[in-house]
Structures are given as C-alpha cells and as structure tokens.
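Colleague: My structure is in run.cif, and what it holds is mmCIF, C-alpha atoms:
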data_run
loop_
_atom_site.label_atom_id
_atom_site.label_comp_id
_atom_site.auth_asym_id
_atom_site.auth_seq_id
_atom_site.Cartn_x
_atom_site.Cartn_y
_atom_site.Cartn_z
CA MET A 1 -8.16 -30.50 26.48
CA SER A 2 -5.90 -27.44 26.34
CA ASP A 3 -7.12 -23.98 25.39
CA ASP A 4 -4.91 -24.04 22.26
CA VAL A 5 -6.54 -27.27 21.11
CA ALA A 6 -10.02 -25.81 21.60
CA ARG A 7 -9.13 -22.59 19.77
CA LEU A 8 -7.64 -24.48 16.83
CA ARG A 9 -10.59 -26.88 16.65
CA LEU A 10 -12.99 -23.94 16.50
CA ILE A 11 -11.25 -22.11 13.66
CA ARG A 12 -10.69 -25.33 11.69
CA SER A 13 -14.39 -26.27 11.83
CA ASP A 14 -16.45 -25.74 8.68
CA ASN A 15 -17.87 -22.26 8.07
CA VAL A 16 -16.15 -20.71 11.08
CA GLY A 17 -14.32 -17.69 9.68
CA PRO A 18 -12.64 -14.84 11.56
CA VAL A 19 -15.85 -12.87 12.23
CA THR A 20 -17.86 -15.95 13.22
CA TYR A 21 -15.05 -17.10 15.50
CA ARG A 22 -15.15 -13.89 17.50
CA GLN A 23 -18.92 -13.81 17.55
CA LEU A 24 -18.93 -17.33 18.99
CA LEU A 25 -16.45 -16.33 21.69
CA ARG A 26 -18.48 -13.23 22.41
CA ARG A 27 -21.64 -15.29 22.78
CA PHE A 28 -20.27 -18.27 24.73
CA GLY A 29 -17.22 -16.87 26.52
CA THR A 30 -14.61 -19.58 25.88
CA PRO A 31 -13.51 -21.66 22.88
CA GLN A 32 -14.62 -24.87 24.62
CA ALA A 33 -18.08 -23.49 25.40
CA ALA A 34 -18.43 -22.40 21.77
CA LEU A 35 -17.43 -25.89 20.59
CA ASP A 36 -19.97 -27.46 22.94
CA ALA A 37 -22.70 -25.24 21.47
CA LEU A 38 -21.63 -25.63 17.83
CA PRO A 39 -23.43 -28.93 17.01
CA ASP A 40 -26.76 -27.51 18.14
CA LEU A 41 -26.16 -24.24 16.26
CA VAL A 42 -25.38 -26.15 13.07
CA ARG A 43 -28.46 -28.36 13.43
CA ARG A 44 -30.67 -25.37 14.15
CA GLY A 45 -29.41 -23.70 10.99
CA GLY A 46 -30.16 -26.79 8.92
CA GLY A 47 -26.53 -27.38 8.01
CA ALA A 48 -24.17 -30.33 8.29
CA ALA A 49 -20.85 -28.63 8.95
CA ARG A 50 -17.91 -30.73 10.12
CA ILE A 51 -16.47 -29.85 13.53
CA ALA A 52 -12.73 -30.41 13.84
CA THR A 53 -11.78 -33.13 16.32
CA VAL A 54 -9.36 -33.05 19.21
CA ALA A 55 -7.09 -35.41 17.24
CA ASP A 56 -7.14 -33.03 14.25
CA ALA A 57 -6.02 -30.10 16.37
CA GLU A 58 -3.43 -32.01 18.38
CA THR A 59 -1.90 -33.42 15.19
CA GLU A 60 -1.63 -29.97 13.63
CA LEU A 61 -0.16 -28.39 16.77
CA SER A 62 2.40 -31.19 17.00
CA ALA A 63 3.34 -30.93 13.31
CA VAL A 64 3.90 -27.18 13.55
CA ALA A 65 6.04 -27.66 16.67
CA LYS A 66 8.15 -30.33 14.93
CA PHE A 67 8.68 -27.88 12.07
CA GLY A 68 10.08 -25.39 14.56
CA GLY A 69 7.03 -23.16 14.72
CA GLN A 70 4.15 -22.42 17.05
CA PHE A 71 0.66 -20.92 17.00
CA VAL A 72 -0.42 -17.52 18.26
CA PHE A 73 -4.14 -17.04 18.85
CA ILE A 74 -6.17 -13.85 18.84
CA GLY A 75 -7.11 -12.82 22.35
CA THR A 76 -3.83 -14.09 23.80
CA GLY A 77 -0.76 -12.10 24.80
CA LEU A 78 1.45 -13.18 21.91
CA TYR A 79 -0.98 -12.11 19.18
CA PRO A 80 0.01 -8.86 17.38
CA TRP A 81 -2.53 -6.42 18.78
CA LEU A 82 -2.39 -4.00 15.83
CA LEU A 83 -3.56 -6.85 13.58
CA ALA A 84 -6.25 -7.66 16.15
CA GLN A 85 -7.78 -4.22 15.55
CA THR A 86 -8.88 -5.32 12.07
CA GLU A 87 -12.29 -6.84 11.42
CA THR A 88 -11.09 -10.02 9.72
CA ALA A 89 -7.93 -10.71 11.73
CA PRO A 90 -7.05 -14.44 11.54
CA PRO A 91 -7.93 -16.18 14.82
CA ALA A 92 -4.85 -18.41 14.50
CA LEU A 93 -1.43 -17.77 12.99
CA ALA A 94 1.38 -20.28 12.62
CA VAL A 95 4.73 -18.54 13.08
CA LYS A 96 8.40 -19.49 12.95
CA GLY A 97 11.26 -17.29 14.10
CA ASP A 98 11.64 -14.30 16.38
CA LEU A 99 8.29 -13.56 18.06
CA GLY A 100 9.78 -10.37 19.49
CA LEU A 101 9.38 -8.77 16.06
CA LEU A 102 5.60 -8.75 16.59
CA GLU A 103 6.09 -6.29 19.45
CA ARG A 104 8.05 -3.76 17.39
CA PRO A 105 6.64 -1.07 15.04
CA CYS A 106 6.08 -2.52 11.57
CA VAL A 107 5.79 -1.07 8.08
CA ALA A 108 4.72 -3.02 5.00
CA MET A 109 6.55 -2.78 1.69
CA VAL A 110 4.94 -4.33 -1.39
CA GLY A 111 5.20 -4.00 -5.15
CA ALA A 112 5.41 -5.61 -8.55
CA ARG A 113 6.73 -9.11 -9.10
CA ASN A 114 8.11 -8.15 -12.52
CA SER A 115 9.69 -5.04 -11.07
CA SER A 116 12.31 -2.86 -12.72
CA ALA A 117 15.95 -3.11 -11.64
CA ALA A 118 15.82 0.45 -10.34
CA ALA A 119 12.76 -0.28 -8.20
CA VAL A 120 14.37 -3.42 -6.76
CA ARG A 121 17.48 -1.47 -5.81
CA PHE A 122 15.39 1.33 -4.28
CA ALA A 123 13.26 -1.13 -2.28
CA ARG A 124 16.28 -2.95 -0.92
CA GLU A 125 18.02 0.27 0.15
CA LEU A 126 14.84 1.75 1.63
CA ALA A 127 14.19 -1.43 3.63
CA THR A 128 17.74 -1.35 5.00
CA GLU A 129 17.36 2.25 6.14
CA LEU A 130 13.95 1.63 7.71
CA SER A 131 15.22 -1.41 9.60
CA GLN A 132 18.15 0.66 10.86
CA ALA A 133 15.52 3.09 12.22
CA ASP A 134 14.12 0.15 14.26
CA LEU A 135 11.15 -0.52 11.97
CA VAL A 136 10.31 -4.13 11.11
CA VAL A 137 9.72 -4.46 7.37
CA VAL A 138 6.80 -6.73 6.48
CA SER A 139 6.18 -8.19 3.03
CA GLY A 140 4.82 -11.24 1.24
CA LEU A 141 7.93 -13.17 0.13
CA ALA A 142 6.95 -12.84 -3.53
CA ARG A 143 9.31 -12.17 -6.41
CA GLY A 144 10.50 -8.64 -7.15
CA ILE A 145 9.85 -5.89 -4.62
CA ASP A 146 8.84 -8.24 -1.78
CA SER A 147 12.10 -10.18 -2.02
CA ALA A 148 14.15 -6.98 -2.22
CA ALA A 149 12.43 -5.59 0.88
CA HIS A 150 13.13 -8.74 2.89
CA GLN A 151 16.75 -8.84 1.74
CA GLY A 152 17.32 -5.23 2.70
CA ALA A 153 15.81 -5.64 6.16
CA LEU A 154 17.09 -9.12 7.01
CA ASP A 155 19.73 -7.92 9.46
CA GLY A 156 17.46 -5.37 11.14
CA GLY A 157 14.20 -7.31 11.29
CA THR A 158 11.72 -8.54 8.71
CA ILE A 159 8.47 -10.53 8.71
CA GLY A 160 7.44 -12.66 5.72
CA VAL A 161 3.73 -13.40 5.45
CA ILE A 162 3.11 -16.36 3.14
CA ALA A 163 -0.04 -17.49 1.35
CA GLY A 164 0.39 -21.23 1.93
CA GLY A 165 1.25 -23.32 4.97
CA LEU A 166 4.26 -22.55 7.14
CA ASP A 167 6.22 -25.33 5.42
CA ASN A 168 5.40 -24.19 1.89
CA VAL A 169 7.88 -22.19 -0.21
CA TYR A 170 6.51 -20.06 -3.02
CA PRO A 171 8.06 -19.09 -5.32
CA PRO A 172 10.57 -21.96 -5.16
CA GLU A 173 13.57 -19.69 -5.79
CA ASN A 174 12.89 -17.99 -2.44
CA ALA A 175 13.61 -21.15 -0.43
CA SER A 176 16.91 -19.79 0.90
CA LEU A 177 15.43 -16.37 1.66
CA GLN A 178 12.45 -17.89 3.51
CA ALA A 179 14.79 -20.10 5.53
CA SER A 180 16.88 -17.05 6.47
CA ILE A 181 13.77 -15.15 7.57
CA GLY A 182 12.65 -18.16 9.63
CA ALA A 183 16.07 -18.16 11.33
CA SER A 184 16.58 -14.45 12.06
CA GLY A 185 13.22 -12.86 11.24
CA LEU A 186 9.70 -14.26 11.38
CA VAL A 187 7.60 -16.26 8.90
CA VAL A 188 3.82 -16.03 9.35
CA ALA A 189 1.11 -18.26 7.81
CA GLU A 190 -2.64 -18.45 8.24
CA GLN A 191 -3.20 -21.63 6.20
CA PRO A 192 -2.68 -25.10 7.71
CA LEU A 193 0.66 -26.86 7.39
CA GLY A 194 1.02 -28.57 4.02
CA THR A 195 -1.23 -26.10 2.16
CA SER A 196 -0.04 -25.00 -1.29
CA PRO A 197 -1.11 -21.42 -2.04
CA GLN A 198 -4.15 -20.97 -4.26
CA ALA A 199 -5.25 -17.73 -5.92
CA ARG A 200 -7.81 -17.04 -3.18
CA HIS A 201 -5.12 -17.22 -0.49
CA PHE A 202 -3.13 -14.20 -1.71
CA PRO A 203 -5.72 -11.50 -0.87
CA ARG A 204 -6.07 -13.15 2.55
CA ARG A 205 -2.31 -12.93 2.99
CA ASN A 206 -2.39 -9.26 1.92
CA ARG A 207 -4.84 -8.35 4.70
CA ILE A 208 -2.39 -9.76 7.25
CA ILE A 209 0.49 -7.76 5.77
CA ALA A 210 -1.53 -4.54 5.96
CA GLY A 211 -3.03 -5.38 9.36
CA LEU A 212 0.32 -5.94 11.05
CA CYS A 213 1.59 -2.51 10.09
CA ALA A 214 1.11 1.16 10.90
CA GLY A 215 1.54 1.91 7.20
CA THR A 216 2.02 0.32 3.78
CA ILE A 217 4.50 1.45 1.11
CA VAL A 218 3.89 0.54 -2.54
CA VAL A 219 7.15 0.78 -4.47
CA GLU A 220 5.94 -0.29 -7.89
CA GLY A 221 2.58 -1.70 -8.98
CA ALA A 222 0.18 -1.82 -11.89
CA LEU A 223 -3.35 -0.45 -11.66
CA LYS A 224 -4.82 -3.92 -11.08
CA SER A 225 -2.38 -5.67 -8.80
CA GLY A 226 -2.13 -7.35 -5.44
CA SER A 227 -0.06 -4.42 -4.20
CA LEU A 228 -2.98 -2.05 -4.66
CA ILE A 229 -5.25 -4.54 -2.88
CA THR A 230 -2.90 -4.38 0.09
CA ALA A 231 -2.91 -0.57 -0.05
CA ARG A 232 -6.72 -0.50 -0.16
CA ILE A 233 -6.95 -2.83 2.85
CA ALA A 234 -4.50 -0.60 4.74
CA ALA A 235 -6.55 2.50 3.93
CA GLU A 236 -9.79 0.83 5.04
CA ALA A 237 -8.13 -0.06 8.35
CA GLY A 238 -7.14 3.57 8.89
CA ARG A 239 -3.44 2.94 8.30
CA GLU A 240 -1.03 5.18 6.41
CA VAL A 241 -0.69 4.51 2.66
CA MET A 242 2.53 5.60 0.94
CA ALA A 243 3.67 5.25 -2.67
CA VAL A 244 6.85 5.80 -4.66
CA PRO A 245 6.18 7.80 -7.84
CA GLY A 246 7.30 6.50 -11.22
CA SER A 247 7.35 7.30 -14.90
CA PRO A 248 3.90 7.72 -16.48
CA LEU A 249 5.29 5.71 -19.41
CA ASP A 250 5.87 2.62 -17.24
CA PRO A 251 2.72 0.51 -16.59
CA ARG A 252 4.37 -0.78 -13.41
CA ALA A 253 4.27 2.75 -11.97
CA GLN A 254 0.67 3.56 -12.83
CA GLY A 255 -0.73 2.05 -9.65
CA CYS A 256 1.61 4.11 -7.43
CA ASN A 257 0.89 7.29 -9.35
CA GLN A 258 -2.84 6.66 -9.01
CA LEU A 259 -2.51 6.09 -5.27
CA ILE A 260 -0.71 9.43 -4.93
CA ARG A 261 -3.47 11.16 -6.92
CA GLU A 262 -5.99 9.64 -4.49
CA GLY A 263 -4.16 10.95 -1.43
CA ALA A 264 -1.37 8.48 -0.64
CA THR A 265 1.81 10.07 0.72
CA LEU A 266 4.58 10.44 -1.86
CA ILE A 267 7.71 8.65 -0.66
CA GLN A 268 11.28 9.18 -1.87
CA THR A 269 13.39 8.53 1.24
CA ALA A 270 13.28 6.71 4.56
CA ALA A 271 12.85 10.10 6.23
CA ASP A 272 9.63 10.57 4.23
CA VAL A 273 8.33 7.28 5.63
CA LEU A 274 9.19 8.15 9.22
CA GLU A 275 7.54 11.55 8.83
CA ALA A 276 4.39 10.02 7.32
CA LEU A 277 4.07 7.48 10.12
CA GLY A 278 4.63 10.16 12.75
CA THR A 279 7.63 9.58 14.96
CA VAL A 280 6.95 10.54 18.55
CA GLY A 281 9.67 9.83 21.09
CA GLY A 282 10.97 6.94 19.03
CA GLN A 283 7.51 5.44 18.66
CA ILE A 284 5.97 5.07 15.21
CA GLY A 285 2.35 6.07 14.83
CA GLY A 286 1.64 6.70 18.50
CA ARG A 287 -2.13 6.55 18.03
CA LEU A 288 -1.99 3.15 16.37
CA LEU A 289 0.73 1.65 18.50
CA SER A 290 -0.78 2.44 21.90
CA PRO A 291 -2.45 -0.65 23.39
CA GLY A 292 -6.19 -0.55 22.88
CA THR A 293 -9.29 -2.66 22.68
CA THR A 294 -9.43 -5.21 19.88
CA TRP A 295 -12.21 -5.04 17.31
CA ASP A 296 -15.43 -6.35 18.79
CA PRO A 297 -18.28 -7.68 16.63
CA GLY A 298 -20.73 -6.78 19.38
CA PRO A 299 -23.31 -8.86 21.25
CA VAL A 300 -25.02 -11.81 19.60
CA ALA A 301 -28.56 -12.96 20.38
CA LEU A 302 -29.74 -16.36 19.15
CA ASP A 303 -33.41 -15.72 19.77
CA ALA A 304 -34.85 -14.76 16.36
CA ASP A 305 -38.11 -16.46 15.44
CA ASP A 306 -38.71 -17.73 11.89
CA THR A 307 -40.53 -14.58 10.78
CA THR A 308 -37.74 -12.29 12.00
CA ARG A 309 -35.10 -14.53 10.50
CA ASP A 310 -36.86 -14.60 7.10
CA HIS A 311 -37.27 -10.82 7.22
CA ILE A 312 -33.54 -10.27 7.77
CA ILE A 313 -32.58 -12.83 5.11
CA ALA A 314 -34.84 -11.06 2.59
CA LEU A 315 -32.80 -7.89 3.04
CA LEU A 316 -29.55 -9.62 2.06
CA SER A 317 -28.27 -9.68 -1.50
CA PRO A 318 -25.05 -10.34 -3.47
CA THR A 319 -24.43 -6.59 -3.16
CA PRO A 320 -22.54 -5.73 0.05
CA VAL A 321 -24.79 -4.25 2.73
CA ALA A 322 -23.41 -2.42 5.76
CA ILE A 323 -24.40 -4.25 8.93
CA ASP A 324 -25.55 -0.98 10.51
CA GLU A 325 -27.81 -0.43 7.49
CA LEU A 326 -29.16 -3.97 7.80
CA VAL A 327 -30.07 -3.24 11.41
CA ARG A 328 -31.83 -0.03 10.37
CA GLN A 329 -33.75 -1.64 7.50
CA SER A 330 -34.84 -4.66 9.53
CA GLY A 331 -35.89 -2.69 12.57
CA CYS A 332 -34.40 -5.49 14.68
CA PRO A 333 -31.87 -5.15 17.53
CA ALA A 334 -28.26 -5.35 16.39
CA ALA A 335 -27.73 -8.46 18.56
CA THR A 336 -30.60 -10.25 16.79
CA VAL A 337 -29.24 -9.37 13.33
CA ALA A 338 -25.80 -10.62 14.42
CA GLY A 339 -27.35 -13.88 15.61
CA VAL A 340 -29.11 -14.49 12.28
CA LEU A 341 -25.90 -13.74 10.36
CA LEU A 342 -24.04 -16.17 12.62
CA ASP A 343 -26.63 -18.87 11.86
CA LEU A 344 -26.30 -18.27 8.11
CA GLU A 345 -22.53 -18.43 8.18
CA LEU A 346 -22.47 -21.65 10.19
CA CYS A 347 -25.04 -23.46 8.03
CA GLY A 348 -23.05 -23.66 4.82
CA GLY A 349 -21.42 -20.25 4.58
CA LEU A 350 -24.56 -18.58 3.22
CA VAL A 351 -23.14 -15.14 4.02
CA ARG A 352 -19.66 -13.69 4.18
CA HIS A 353 -18.32 -10.57 5.86
CA ALA A 354 -16.24 -7.96 4.06
CA GLY A 355 -15.10 -4.67 5.56
CA GLY A 356 -18.02 -4.11 7.93
CA ARG A 357 -20.47 -5.28 5.27
CA VAL A 358 -22.22 -8.57 4.65
CA VAL A 359 -22.84 -10.35 1.35
CA ARG A 360 -25.27 -13.17 0.59
CA THR A 361 -23.38 -15.92 -1.25
#
Could the structure of this file be written out as structure tokens, please?
Modeller:
Amino acid sequence: MSDDVARLRLIRSDNVGPVTYRQLLRRFGTPQAALDALPDLVRRGGGAARIATVADAETELSAVAKFGGQFVFIGTGLYPWLLAQTETAPPALAVKGDLGLLERPCVAMVGARNSSAAAVRFARELATELSQADLVVVSGLARGIDSAAHQGALDGGTIGVIAGGLDNVYPPENASLQASIGASGLVVAEQPLGTSPQARHFPRRNRIIAGLCAGTIVVEGALKSGSLITARIAAEAGREVMAVPGSPLDPRAQGCNQLIREGATLIQTAADVLEALGTVGGQIGGRLLSPGTTWDPGPVALDADDTTRDHIIALLSPTPVAIDELVRQSGCPAATVAGVLLDLELCGGLVRHAGGRVVRT
C-alpha cells in the first residue's frame, strides 16, 4: 500500500481531524503505523468509528486523477508550508492546475458577495496590479469581490479555494471562471470529490484561504460576514490583515471600517499592500516566507489511568479552554493531556480543537 493511500485512509477515517491526524503521526511515526494502531485506540475509547479502507482511498485517488487533479499531503514536499504553520491545516488537499503557484508569495483578497460596482472594479484592478508584482491572489470563488479578484489576477496567477469537492462548481455562474483557474491557475479543495458545499464547509474553506497567505485584504464586508471570519483567522495566525475603507453609510463597508479601527492596515493602492507585507529583496513577508518548522501538536502519551482520564475530562466544558491552561489545572504532563484529548476525539468526536483551545462537544 502506497504512502498516499495510507495518508488518505487516515484522514478519511471517522473522527480523525487535522489536529488528531498530526497527533497520530507524532505518536506512531508513519500513516501506516497510525492506521494499524487505530482499531485498538477506538476500542479503548469505547467508540465504534469507521476506518477508511484501502479500496476507499484508491478509488478517491483514482477519481481525482481522472478529473485532472492530484492530492498534496501535509508533511510532503508539495504541501504549501505557510499553510502548514497553522494549527488546523488540512492534512490532504485535492488540487488542479499549476502547483508552482503554491511556491510563490500569496495574498488573500475577500469581500462581499453583494458588493458594490465600485468595489468590484477596485478589487479587479488591485488584483491585476498585485499579480503583476508577482503576488499570487487567493480567494474563494464566490460571487462579488472573490470573482473580481480572480478575474483580475488570472493572467498573473490566482488560486481558488472552494468549499465543496474539486469537481463542484458553486455558484453555478462561476463555472467558466473556475475552469479557467483550473487551466492557468490552481483550484484547491479539502472536501472529497463529489461533495456539494454545506454551510459548515465555508469557514473551513476560509481558514485555508488565510493560511495560504502572508496577508488578507478585505475589500468590502458587513460586520457579520465570512470575510471578517477570514480576517480573524489571518490575525490569529499572525498574518497581516488589511482593509479598504468605505462609506459609513454603506453597511457593506462597516466590517472593513471596524477592522481598521481594530488595527488592520488601511489599503488604497497595490503599493500599500506591498508595504504592509514588507517587501525585502523581492520577497514578501520575509519572516513568514522563510522555510521553518511546521506546527507541532507536541508529544502524545497514551498511558493515562481511569482516574487521571476522568480528572481531565471533568475540566472540559463547552467553553473553549486553552490546552496550556488544561495542563496547568490538571497537574498532568502535557503529553498525558494530549493523549486523553486524542482518545476523546477518536471515540465519537467528544472534543474539538479551535485555535489552540479545546471544547467539549
């Protein structure tokens, strides 16, 4: 069985999310060793999670290849390392197009779907200028600002991150644009082939958009919008957040204006973006774009007795708790706490990770 098959089987198994995936690799060394240990881990946790089969993985790999795409896996050379720095980076991405774009400096551009004509024109022109400066423009292939950003950067380099499977087009009117990006740019999907996007998939897509990039530009966005979610994710990852100011009378500008009040860089030109990202010798964001060590969940110890396990579980709640704080409150080694959390996630998804914190579901 190939390494790709083992990696895909592991991430497609029940209750194995991005954090659990990397904890399993940290604990067992290889995807195959983690798969071999998974049945016992599930039984020990009292769960009945399904483990993806070799046939499942081989069928999916073959289907993606027939569609003209391929997989890139975290921990391998093709995976975008800036995304790998983030805590919840997807272990597997299906991609179609020019993989070379993943090696170039990227900037995200997001905004309102029901955007104004002026904002659409501005986004398109800004994306063109940024792509001419050798930046790859990343967006989510949605209506409005996303579409304008892709259109403006199509000749210079653009990446479209979609919420559904690699073969899914949403919204339908972007079928031609998505095909063009797949031919000369790059289309990226986390969900399996054939998946139609659901509401829960869009925030997951947004974390990929922000994670791929040294900075995120919000052109137009309401106070409660997906664009501001992307900006928040970028800020939490230590990336640059930029916003285009707008009229206080336009609800679509309120999110950008609020971001600027909170410290986002005000953007009016491509030069503003390049200055904010920090151009050094043609490199964008030298600190972020220098190869480094990917995020590491730390050691995992699967040796907690029932009393220790119950003690750690009692400290969990629906309110997010920082893992460092959980270690302090429990008085247990960090590796033991990580092992208990791994057990809970594998046996029915009883916990979930969010931004260095853990929540009891």
Colleague: Give as a PDB file with C-alpha atoms, keeping the file's coordinate frame the residues that the PyMOL selection byres ((chain A and resi 324-332) around 9) matches when applied to the coordinates above.
Modeller:
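See out.pdb below for the written result:
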ATOM      1  CA  THR A 308     -37.740 -12.290  12.000  1.00  0.00           C
ATOM      2  CA  HIS A 311     -37.270 -10.820   7.220  1.00  0.00           C
ATOM      3  CA  ILE A 312     -33.540 -10.270   7.770  1.00  0.00           C
ATOM      4  CA  LEU A 315     -32.800  -7.890   3.040  1.00  0.00           C
ATOM      5  CA  LEU A 316     -29.550  -9.620   2.060  1.00  0.00           C
ATOM      6  CA  VAL A 321     -24.790  -4.250   2.730  1.00  0.00           C
ATOM      7  CA  ALA A 322     -23.410  -2.420   5.760  1.00  0.00           C
ATOM      8  CA  ILE A 323     -24.400  -4.250   8.930  1.00  0.00           C
ATOM      9  CA  PRO A 333     -31.870  -5.150  17.530  1.00  0.00           C
ATOM     10  CA  ALA A 334     -28.260  -5.350  16.390  1.00  0.00           C
ATOM     11  CA  ALA A 335     -27.730  -8.460  18.560  1.00  0.00           C
ATOM     12  CA  THR A 336     -30.600 -10.250  16.790  1.00  0.00           C
ATOM     13  CA  VAL A 337     -29.240  -9.370  13.330  1.00  0.00           C
ATOM     14  CA  GLY A 356     -18.020  -4.110   7.930  1.00  0.00           C
ATOM     15  CA  ARG A 357     -20.470  -5.280   5.270  1.00  0.00           C
ATOM     16  CA  VAL A 358     -22.220  -8.570   4.650  1.00  0.00           C
TER      17      VAL A 358
END
Colleague: Could you expand the PyMOL selection byres ((chain A and resi 157) around 8) into the explicit residues it covers here, written as a ChimeraX atom specification?
Modeller: /A:101,131,135-137,153-156,158-159,184-185
Colleague: Atom CA of A:Ala338 and atom CA of A:Val300 are how many Å apart?
Modeller: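 So the two atoms, atom CA of A:Ala338 and atom CA of A:Val300, lie 5.4 Å apart.
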Colleague: May I ask which of the residues A:Gly255, A:Gly164, A:Pro245, A:Gly182 is the closest one to A:Gly69, counting only C-alpha atoms?
Modeller: A:Gly182
Colleague: Between A:Asp3, A:Asp146, A:Glu236, A:Glu173, which residue has the minimum interatomic distance to A:Asn114, considering only C-alpha atoms?
Modeller: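 Checking each candidate against A:Asn114, we get A:Asp146 as the closest.
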Colleague: Using all atoms listed in the file, determine which residues lie at most 9 Å from A:Val5, disregarding the query and same-chain residues fewer than 2 positions distant; provide the list as number ranges by chain.
Modeller: A: 1-3, 7-10, 54, 56-58, 61
Colleague: Taking all atoms listed in the file into account, which of A:Ala314, A:Leu25, A:Leu38, A:Leu166 comes nearest A:Leu346?
Modeller: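 Checking each of A:Ala314, A:Leu25, A:Leu38, A:Leu166 against A:Leu346, counting all atoms listed in the file, the winner is A:Leu38.
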